[in-house]
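To start, the structure under review is shown below, and the notes come after it.
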Amino acid sequence: MAQNSDPKSPAIGSDADSSPAMHPSSWAKHTGFRPRFSGESNASDSGQSTRPNNPSPPASLDLETSRVRPIPTVNATAPAPQPANAQAHPQSDNDQSATKRRDAQGGSAPLPPKRGANGHARIAAAAETPTSTPPQPSRRAARNGDIESTLPQVFDDSRRSHMKYELRDTPGLVPIGIYGIQHYLSMLGSLVLVPLVIVPAMGGDHEDMSMVVSTVLFVSGITTLLQANFGSRLPLIQGPSFVFLAPALAIIKSPQFLGLHENSFKHIMKELQGAIIIASAFQALLGYTGLMTLLLRLINPVVVSPTIAAVGLSFYTYGFPHLGECLEIGILQILIVIIFFLYLRKVSLFGHRVFLIYAVPLGMAITWGITYILTETGAYKYKDCDVNIISDHCKKHISRMKSCRAGANTSIALKSSPWFRFPYPLQFGTPVFNLKLAVVMSVVSIISSVDSVGSYHASSLLVASKTPTPGVVSRGICVEGISGILAGLWGTGIGSTTLTENVHTIAVTKMGSRRTVELGACVLIILSLVGKVGGLIASIPQVMVAGLLCIMWAMLTAFGLSNLRYSESGSSRNIIIIGLSLFFSLSTPAYFHQYNSNSPFQPYIVASHAPFHTHYKGLNYVMNTLLSLHMVIAFLVAMILDNTVPGSKQERGVYEWAPLEAVREPAVVKDYGLPFRVGKFFRWVRWVGL
């Protein structure tokens with residue numbers, strides 16, 4: 001390779017910098033990275049970074065191969081020679097389309113850098129003439145299409161260039177239908193697994209489970225349409241959230257419900273409905289009154305990350321213990337999904353990464369088929385043993401017969417489900433309003449709002465022209481509260497919120513059009529009216545549900561920790577805050593759970609004689625329940641530390657929402673403005689949107 005003739009330009013890998021020598025494989029040496037953490041350097045609090053006097057040559061890190069690829073540079077002081085007859089070069093078709101698109105959005109951002117064959121941005125000459133000044137380096141460079149740098153808060157066209165369709169795109173009915181079904185299938189586990197956990201815990205049978213599944217599909221379709229049109233207007237699916245699962249289980253296992261035997265399902269469901277309605281009304285009030293804009297100042301990636309991660313980690317005592325009831329089927333389920341997610345994630349069929357997108361439904365279908373074959377061939381049939389007639393010599397086989405068999409459960413659930421079922425409000429009875437249960441759910445609704453704020457910010461970076469304004473965020477939280485009220489009236493058994501897996505699905509499918517999500521929501525409503533669909537989902541063996549939940553909760557933990565990419569994840573400040581938040585989120589609830597005399601280590605059961613004890617039994621229940629929830633502890637520790645420990649905005653990764661002046665930009669109005677001229681009725685309420 002020919003060396004650069006300019007003596008002022010250091011060669012790649014040279015020691016032109018004054019920093020001490022490091023190992024040749026050091027990523028910091030190749031990229032010229034310098035830590036700027038508080039207490040470790042003289043970084044300013046403003047979050048602005050400065051260039052060293054002798055910068056290293058540009059390079060990019062390929063995370064797939066763990067190699068540093070140098071980017072060829074062009075000497076800015078010696079422009080490339082041009083032919084004598086060279087004239088102004090016309091723009092290429094790509095440049096012209098980018099220019100038109102930029103003008104249509106009302107912005108004046110520069111054109112995205114041209115991409116080379118290796119996927120890296122080519123560094124153009126600093127100027128057309130030798131006298132022009134070199135451009136300032138961008139604070140945010142695109143790496144291999146979808147890898148964020150330290151501050152991925154600034155929008156540019158290159159950041160969203162890898163998306164097939166963006167927020168306002170309407171590709172046509174056929175692509176919308178295909179991608180809409182694909183979007184919902186990829187999130188099937190998040191939509192249907194929560195009812196399969198809470199209904200058996202409430203004492204419900206297969207018919208009750210089928211009704212709740214159909215209701216969840218119906219309400220999810222309705223609330224998604226509301227959010228896409230009158231909420232944040234981002235392509236985010238609404239559904240039963242794992243955030244509400246832990247408090248729901250804590251309420252279900254409350255001492256006041258332990259003595260119920262007959263009709264326990266409907267009795268507990270009405271209690272849950274009342275708590276969800278009050279908590280969702282509180283969440284809607286939080287958004288509509290503008291209080292959410294004040295709370296946004298306290299919510300940053302260092303707070304969101306451990307809070308969401310604690311939601312997934314809180315179920316570690318549930319997953320594998322239930323999976324162990326039929327170990328061979330559960331392990332097979334996990335291995336198939338892991339192979340699809342990780343080992344076959346780059347395999348494409350017809351231009352789609354089928355195994356990565358459909359890992360959960362494909363893994364469930366394959367495992368279900370194998371389980372059915374084993375059941376029909378008599379693998380789980382024991383001599384003179386029947387699941388309904390328990391004899392002494394069959395007791396040791398009853399657990400495997402109930403957990404491993406597939407055919408009997410499918411037959412019962414499908415036969416008990418009608419072909420047509422229309423979910424209607426108050427179908428399980430009039431909700432019962434209990435103050436102490438409502439207070440617990442109201443606090444959890446704040447945690448749900450924190451989760452949604454992270455989803456709004458991350459998805460807007462992928463599909464929108466700018467991040468939403470604080471008013472749009474408040475409007476989205478308000479609509480989520482209204483969605484939760486609908487969930488309580490219809491009886492889903494759990495609150496409705498933005499599913500965290502949305503961002504991952506958008507990034508994988510490259511589909512960010514809101515029309516896709518809207519059409520998929522309509523399909524979901526139609527499927528909810530077919531009772532056999534709910535019956536089929538309700539017949540999934542419990543051991544398969546446990547196996548899928550192990551994967552889903554692990555992914556939820558990973559999604560939570562991935563929010564750290566918006567901050568300086570290597571900062572000792574952030575590392576210590578995250579570590580303290582996660583540790584105490586696991587250790588503190590264990591302290592409260594040990595006071596259960598009947599089942600010392602069974603989660604979600606708070607005894608009446610727990611550590612917090614006063615003369616007010618309702619207050620005792622609320623405090624003991626909240627302090628036994630992992631996500632509440634993680635949120636409190638992270639929020640207090642992140643907002644009191646000194647750190648720059650860059651280090652903390654403070655969310656940068658669009659300013660109020662952005663409402664005058666045409667692109668922002670088109671992205672987040674309310675349709676059908678509904679916005680004119682809310683102009684006097686500046687804090688709920690445009």
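Chain labels run A, B, ... following the order of the structure tokens; each chain numbers its residues from 1, and ligands are numbered from 1 in the order shown.
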Long-range neighbours of A:Leu561 as JSON, numbers by chain, 10 Å cut-off, only C-alpha atoms, 6 positions minimum in chain: {"A": [301, 302, 304, 305, 306, 307, 308, 309, 310, 555, 569, 578]}
Residue subset to file, keeping N, CA and C atoms, as a PDB file, in the first residue's frame:
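again_10.pdb was written with the following content:
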ATOM      1  N   PRO A 301     -31.484   7.734  30.296  1.00  0.00           N
ATOM      2  CA  PRO A 301     -31.110   6.332  30.042  1.00  0.00           C
ATOM      3  C   PRO A 301     -30.598   5.589  31.261  1.00  0.00           C
ATOM      4  N   VAL A 302     -29.876   6.276  32.143  1.00  0.00           N
ATOM      5  CA  VAL A 302     -29.345   5.600  33.331  1.00  0.00           C
ATOM      6  C   VAL A 302     -30.470   5.211  34.286  1.00  0.00           C
ATOM      7  N   VAL A 304     -33.840   4.595  32.955  1.00  0.00           N
ATOM      8  CA  VAL A 304     -34.668   3.664  32.191  1.00  0.00           C
ATOM      9  C   VAL A 304     -34.022   2.281  32.124  1.00  0.00           C
ATOM     10  N   SER A 305     -32.717   2.236  31.933  1.00  0.00           N
ATOM     11  CA  SER A 305     -32.033   0.967  31.708  1.00  0.00           C
ATOM     12  C   SER A 305     -32.203  -0.024  32.852  1.00  0.00           C
ATOM     13  N   PRO A 306     -31.836   0.292  34.101  1.00  0.00           N
ATOM     14  CA  PRO A 306     -32.011  -0.704  35.171  1.00  0.00           C
ATOM     15  C   PRO A 306     -33.464  -0.975  35.510  1.00  0.00           C
ATOM     16  N   THR A 307     -34.346   0.013  35.284  1.00  0.00           N
ATOM     17  CA  THR A 307     -35.760  -0.196  35.595  1.00  0.00           C
ATOM     18  C   THR A 307     -36.359  -1.278  34.705  1.00  0.00           C
ATOM     19  N   ILE A 308     -36.116  -1.188  33.392  1.00  0.00           N
ATOM     20  CA  ILE A 308     -36.645  -2.203  32.475  1.00  0.00           C
ATOM     21  C   ILE A 308     -35.937  -3.534  32.688  1.00  0.00           C
ATOM     22  N   ALA A 309     -34.631  -3.492  32.914  1.00  0.00           N
ATOM     23  CA  ALA A 309     -33.893  -4.735  33.150  1.00  0.00           C
ATOM     24  C   ALA A 309     -34.404  -5.450  34.391  1.00  0.00           C
ATOM     25  N   ALA A 310     -34.769  -4.699  35.425  1.00  0.00           N
ATOM     26  CA  ALA A 310     -35.289  -5.313  36.647  1.00  0.00           C
ATOM     27  C   ALA A 310     -36.631  -5.989  36.414  1.00  0.00           C
ATOM     28  N   MET A 555     -34.727 -11.367  26.975  1.00  0.00           N
ATOM     29  CA  MET A 555     -34.665 -10.317  25.972  1.00  0.00           C
ATOM     30  C   MET A 555     -35.084  -8.972  26.558  1.00  0.00           C
ATOM     31  N   SER A 569     -21.541   4.450  28.542  1.00  0.00           N
ATOM     32  CA  SER A 569     -21.703   3.228  29.323  1.00  0.00           C
ATOM     33  C   SER A 569     -20.426   2.811  30.028  1.00  0.00           C
ATOM     34  N   ILE A 578     -25.783   1.737  37.862  1.00  0.00           N
ATOM     35  CA  ILE A 578     -26.481   0.574  37.317  1.00  0.00           C
ATOM     36  C   ILE A 578     -26.282  -0.635  38.223  1.00  0.00           C
TER      37      ILE A 578
END
Residue neighbourhood stretch 212-220 of chain A, 6 Å, only C-alpha atoms, exclusion window fewer than 5 positions, as a list in words: Gln238, Gly239, Pro423, Thr492, Leu524, Ile525, Ser528 and Gly534 of chain A
How would the residues just picked look written out with N, CA, C and O atoms as a short mmCIF file (atom, residue, chain, number, x, y, z; two decimals), in the first residue's frame?
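Below is the file part.cif, written as the result:
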data_model
loop_
_atom_site.label_atom_id
_atom_site.label_comp_id
_atom_site.auth_asym_id
_atom_site.auth_seq_id
_atom_site.Cartn_x
_atom_site.Cartn_y
_atom_site.Cartn_z
N GLN A 238 -49.55 -1.54 21.29
CA GLN A 238 -49.97 -1.55 22.68
C GLN A 238 -50.43 -2.95 23.07
O GLN A 238 -51.00 -3.68 22.25
N GLY A 239 -50.19 -3.31 24.31
CA GLY A 239 -50.59 -4.64 24.74
C GLY A 239 -50.33 -4.86 26.21
O GLY A 239 -49.90 -3.95 26.93
N PRO A 423 -65.85 -9.80 22.44
CA PRO A 423 -65.54 -9.30 23.79
C PRO A 423 -66.28 -7.99 24.04
O PRO A 423 -66.30 -7.10 23.20
N THR A 492 -58.93 -7.54 30.77
CA THR A 492 -57.74 -8.27 30.32
C THR A 492 -56.95 -8.82 31.50
O THR A 492 -56.06 -9.66 31.30
N LEU A 524 -55.78 -7.86 14.00
CA LEU A 524 -55.83 -8.39 15.35
C LEU A 524 -57.26 -8.34 15.90
O LEU A 524 -57.70 -9.28 16.59
N ILE A 525 -57.98 -7.28 15.60
CA ILE A 525 -59.37 -7.18 16.05
C ILE A 525 -60.21 -8.27 15.41
O ILE A 525 -61.06 -8.90 16.07
N SER A 528 -59.58 -11.58 17.03
CA SER A 528 -60.14 -11.69 18.37
C SER A 528 -61.60 -12.12 18.35
O SER A 528 -62.11 -12.65 19.34
N GLY A 534 -58.53 -17.88 20.12
CA GLY A 534 -58.23 -17.80 21.54
C GLY A 534 -58.11 -19.16 22.17
O GLY A 534 -57.25 -19.39 23.04
#
Residues within 10 Å of A:Ala487, only C-alpha atoms, excluding chain neighbours under 2 positions, as a PyMOL selection string: chain A and resi 215-216+218-220+222-223+239-240+273+276-277+280+425+481-485+489-497
Contact residues around A:Val432 with only C-alpha atoms at 6 Å, ignoring same-chain residues under 5 positions, as an MDAnalysis selection string: chainID A and resid 270:271 274
The selected residues should be written to file as a compact mmCIF listing (two decimals), in the first residue's frame (atoms: N, CA, C and O atoms).
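Okay, selection-v7.txt is ready:
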# COMPACT_ATOMS: atom_id res chain seq x y z
N LYS A 270 -62.39 -9.16 38.98
CA LYS A 270 -63.08 -7.89 39.25
C LYS A 270 -62.24 -6.98 40.14
O LYS A 270 -62.26 -5.75 39.97
N GLU A 271 -61.49 -7.55 41.07
CA GLU A 271 -60.59 -6.75 41.89
C GLU A 271 -59.47 -6.14 41.04
O GLU A 271 -59.11 -4.97 41.20
N GLY A 274 -60.82 -3.19 38.86
CA GLY A 274 -60.95 -1.93 39.57
C GLY A 274 -59.62 -1.25 39.81
O GLY A 274 -59.49 -0.02 39.63
Test item, strand (DSSP E or B) assignment across stretch 198-361 of chain A, answer as a ChimeraX atom specification: /A:238-240,349,352
For those residues, write all heavy atoms to a file as a PDB file, in the first residue's frame.
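Saved to out31.pdb:
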ATOM      1  N   GLN A 238     -49.548  -1.545  21.289  1.00  0.00           N
ATOM      2  CA  GLN A 238     -49.974  -1.546  22.684  1.00  0.00           C
ATOM      3  C   GLN A 238     -50.429  -2.950  23.070  1.00  0.00           C
ATOM      4  O   GLN A 238     -50.995  -3.676  22.246  1.00  0.00           O
ATOM      5  CB  GLN A 238     -51.119  -0.556  22.891  1.00  0.00           C
ATOM      6  CG  GLN A 238     -50.853   0.832  22.359  1.00  0.00           C
ATOM      7  CD  GLN A 238     -49.732   1.535  23.082  1.00  0.00           C
ATOM      8  OE1 GLN A 238     -49.798   1.791  24.277  1.00  0.00           O
ATOM      9  NE2 GLN A 238     -48.668   1.848  22.350  1.00  0.00           N
ATOM     10  N   GLY A 239     -50.190  -3.312  24.313  1.00  0.00           N
ATOM     11  CA  GLY A 239     -50.589  -4.644  24.739  1.00  0.00           C
ATOM     12  C   GLY A 239     -50.328  -4.859  26.207  1.00  0.00           C
ATOM     13  O   GLY A 239     -49.904  -3.945  26.931  1.00  0.00           O
ATOM     14  N   PRO A 240     -50.595  -6.065  26.691  1.00  0.00           N
ATOM     15  CA  PRO A 240     -50.344  -6.381  28.111  1.00  0.00           C
ATOM     16  C   PRO A 240     -48.852  -6.373  28.386  1.00  0.00           C
ATOM     17  O   PRO A 240     -48.083  -7.074  27.741  1.00  0.00           O
ATOM     18  CB  PRO A 240     -50.948  -7.785  28.271  1.00  0.00           C
ATOM     19  CG  PRO A 240     -50.925  -8.373  26.903  1.00  0.00           C
ATOM     20  CD  PRO A 240     -51.119  -7.234  25.955  1.00  0.00           C
ATOM     21  N   LEU A 349     -34.334 -15.424   3.722  1.00  0.00           N
ATOM     22  CA  LEU A 349     -35.167 -16.120   2.749  1.00  0.00           C
ATOM     23  C   LEU A 349     -36.095 -15.101   2.104  1.00  0.00           C
ATOM     24  O   LEU A 349     -36.853 -14.427   2.797  1.00  0.00           O
ATOM     25  CB  LEU A 349     -35.985 -17.228   3.425  1.00  0.00           C
ATOM     26  CG  LEU A 349     -35.198 -18.381   4.055  1.00  0.00           C
ATOM     27  CD1 LEU A 349     -36.143 -19.368   4.737  1.00  0.00           C
ATOM     28  CD2 LEU A 349     -34.362 -19.099   3.010  1.00  0.00           C
ATOM     29  N   HIS A 352     -35.804 -11.610   3.547  1.00  0.00           N
ATOM     30  CA  HIS A 352     -36.201 -11.368   4.929  1.00  0.00           C
ATOM     31  C   HIS A 352     -35.421 -12.306   5.847  1.00  0.00           C
ATOM     32  O   HIS A 352     -35.213 -13.476   5.524  1.00  0.00           O
ATOM     33  CB  HIS A 352     -37.705 -11.594   5.120  1.00  0.00           C
ATOM     34  CG  HIS A 352     -38.561 -10.699   4.295  1.00  0.00           C
ATOM     35  ND1 HIS A 352     -38.890  -9.424   4.683  1.00  0.00           N
ATOM     36  CD2 HIS A 352     -39.153 -10.888   3.080  1.00  0.00           C
ATOM     37  CE1 HIS A 352     -39.660  -8.862   3.764  1.00  0.00           C
ATOM     38  NE2 HIS A 352     -39.831  -9.730   2.774  1.00  0.00           N
TER      39      HIS A 352
END
For atom CA of A:Leu619 and atom CA of A:Phe244, the interatomic separation in Å (one decimal):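 If I compute the distance from atom CA of A:Leu619 to atom CA of A:Phe244, I get 20.4 Å.
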Proximity to A:Leu641 - best of A:Gly512, A:Gly579, A:Gly324, A:Pro611, only C-alpha atoms: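 Result for the nearest residue to A:Leu641: A:Gly579.
Residues surrounding stretch 440-454 of chain A within 8 Å are Val243, Phe244, Pro247, Ala275, Ile276, Ile278, Ala279, Ser280, Phe282, Gln283, Ile299, Pro301, Val304, Thr307, Ile308, Val473, Ile477, Thr497, Thr498, Leu499, Thr500, Asn563, Val622, Thr625, Leu626, Met631, Val632 and Phe635 of chain A [only C-alpha atoms; sequence separation below 6 positions excluded].
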Given only C-alpha atoms as the counted atoms, nearest of A:Glu480, A:Glu376, A:Asp208, A:Glu518 to A:Thr170: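 Under the stated criterion, the closest residue is A:Glu518.
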Pairwise distance for atom CA of A:Ala201 and atom CA of A:Ile373, rounded to one decimal in Å: 28.4 Å
A:Phe584 environment, 9 Å, only C-alpha atoms, sequence neighbours closer than 4 positions dropped, as JSON, numbers by chain: {"A": [579, 580, 588, 589, 630, 633, 634, 637]}
Kindly save the residues from that selection, with N, CA and C atoms included, as a PDB file, in the first residue's frame.
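Full text of part.pdb as output:
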ATOM      1  N   GLY A 579     -25.050  -0.842  38.688  1.00  0.00           N
ATOM      2  CA  GLY A 579     -24.786  -1.987  39.552  1.00  0.00           C
ATOM      3  C   GLY A 579     -25.562  -1.922  40.858  1.00  0.00           C
ATOM      4  N   LEU A 580     -25.583  -0.759  41.492  1.00  0.00           N
ATOM      5  CA  LEU A 580     -26.334  -0.612  42.735  1.00  0.00           C
ATOM      6  C   LEU A 580     -27.831  -0.812  42.514  1.00  0.00           C
ATOM      7  N   THR A 588     -33.317  -6.444  47.940  1.00  0.00           N
ATOM      8  CA  THR A 588     -34.345  -5.885  48.825  1.00  0.00           C
ATOM      9  C   THR A 588     -35.642  -6.689  48.797  1.00  0.00           C
ATOM     10  N   PRO A 589     -36.202  -7.049  47.622  1.00  0.00           N
ATOM     11  CA  PRO A 589     -37.406  -7.895  47.646  1.00  0.00           C
ATOM     12  C   PRO A 589     -37.175  -9.247  48.320  1.00  0.00           C
ATOM     13  N   HIS A 630     -39.290  -5.687  42.310  1.00  0.00           N
ATOM     14  CA  HIS A 630     -37.915  -5.418  41.894  1.00  0.00           C
ATOM     15  C   HIS A 630     -37.797  -4.113  41.115  1.00  0.00           C
ATOM     16  N   ILE A 633     -37.823  -0.832  43.253  1.00  0.00           N
ATOM     17  CA  ILE A 633     -36.551  -0.574  43.919  1.00  0.00           C
ATOM     18  C   ILE A 633     -35.518  -0.069  42.913  1.00  0.00           C
ATOM     19  N   ALA A 634     -35.447  -0.696  41.738  1.00  0.00           N
ATOM     20  CA  ALA A 634     -34.481  -0.266  40.723  1.00  0.00           C
ATOM     21  C   ALA A 634     -34.756   1.164  40.281  1.00  0.00           C
ATOM     22  N   VAL A 637     -33.764   3.725  43.228  1.00  0.00           N
ATOM     23  CA  VAL A 637     -32.314   3.852  43.417  1.00  0.00           C
ATOM     24  C   VAL A 637     -31.687   4.588  42.234  1.00  0.00           C
TER      25      VAL A 637
END
DSSP helix (DSSP H, G or I) residues within stretch 370-558 of chain A, as a count of residues only: 128
All residues 12 Å or closer to A:His613, only C-alpha atoms, same chain fewer than 5 positions away omitted, as an MDAnalysis selection string: chainID A and resid 592 607:608 618:624
Restricted to C-alpha atoms, what would the selected residues look like written as a PDB file, in the first residue's frame?
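Ended up saving to result.pdb:
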ATOM      1  CA  PHE A 592     -39.340  -8.925  52.249  1.00  0.00           C
ATOM      2  CA  ALA A 607     -47.151 -11.647  54.514  1.00  0.00           C
ATOM      3  CA  SER A 608     -49.151  -9.481  56.877  1.00  0.00           C
ATOM      4  CA  GLY A 618     -53.821  -0.848  54.281  1.00  0.00           C
ATOM      5  CA  LEU A 619     -50.594   1.157  54.508  1.00  0.00           C
ATOM      6  CA  ASN A 620     -48.728  -1.963  55.582  1.00  0.00           C
ATOM      7  CA  TYR A 621     -49.985  -3.832  52.534  1.00  0.00           C
ATOM      8  CA  VAL A 622     -49.087  -1.028  50.116  1.00  0.00           C
ATOM      9  CA  MET A 623     -45.559  -0.490  51.425  1.00  0.00           C
ATOM     10  CA  ASN A 624     -44.703  -4.171  51.811  1.00  0.00           C
TER      11      ASN A 624
END
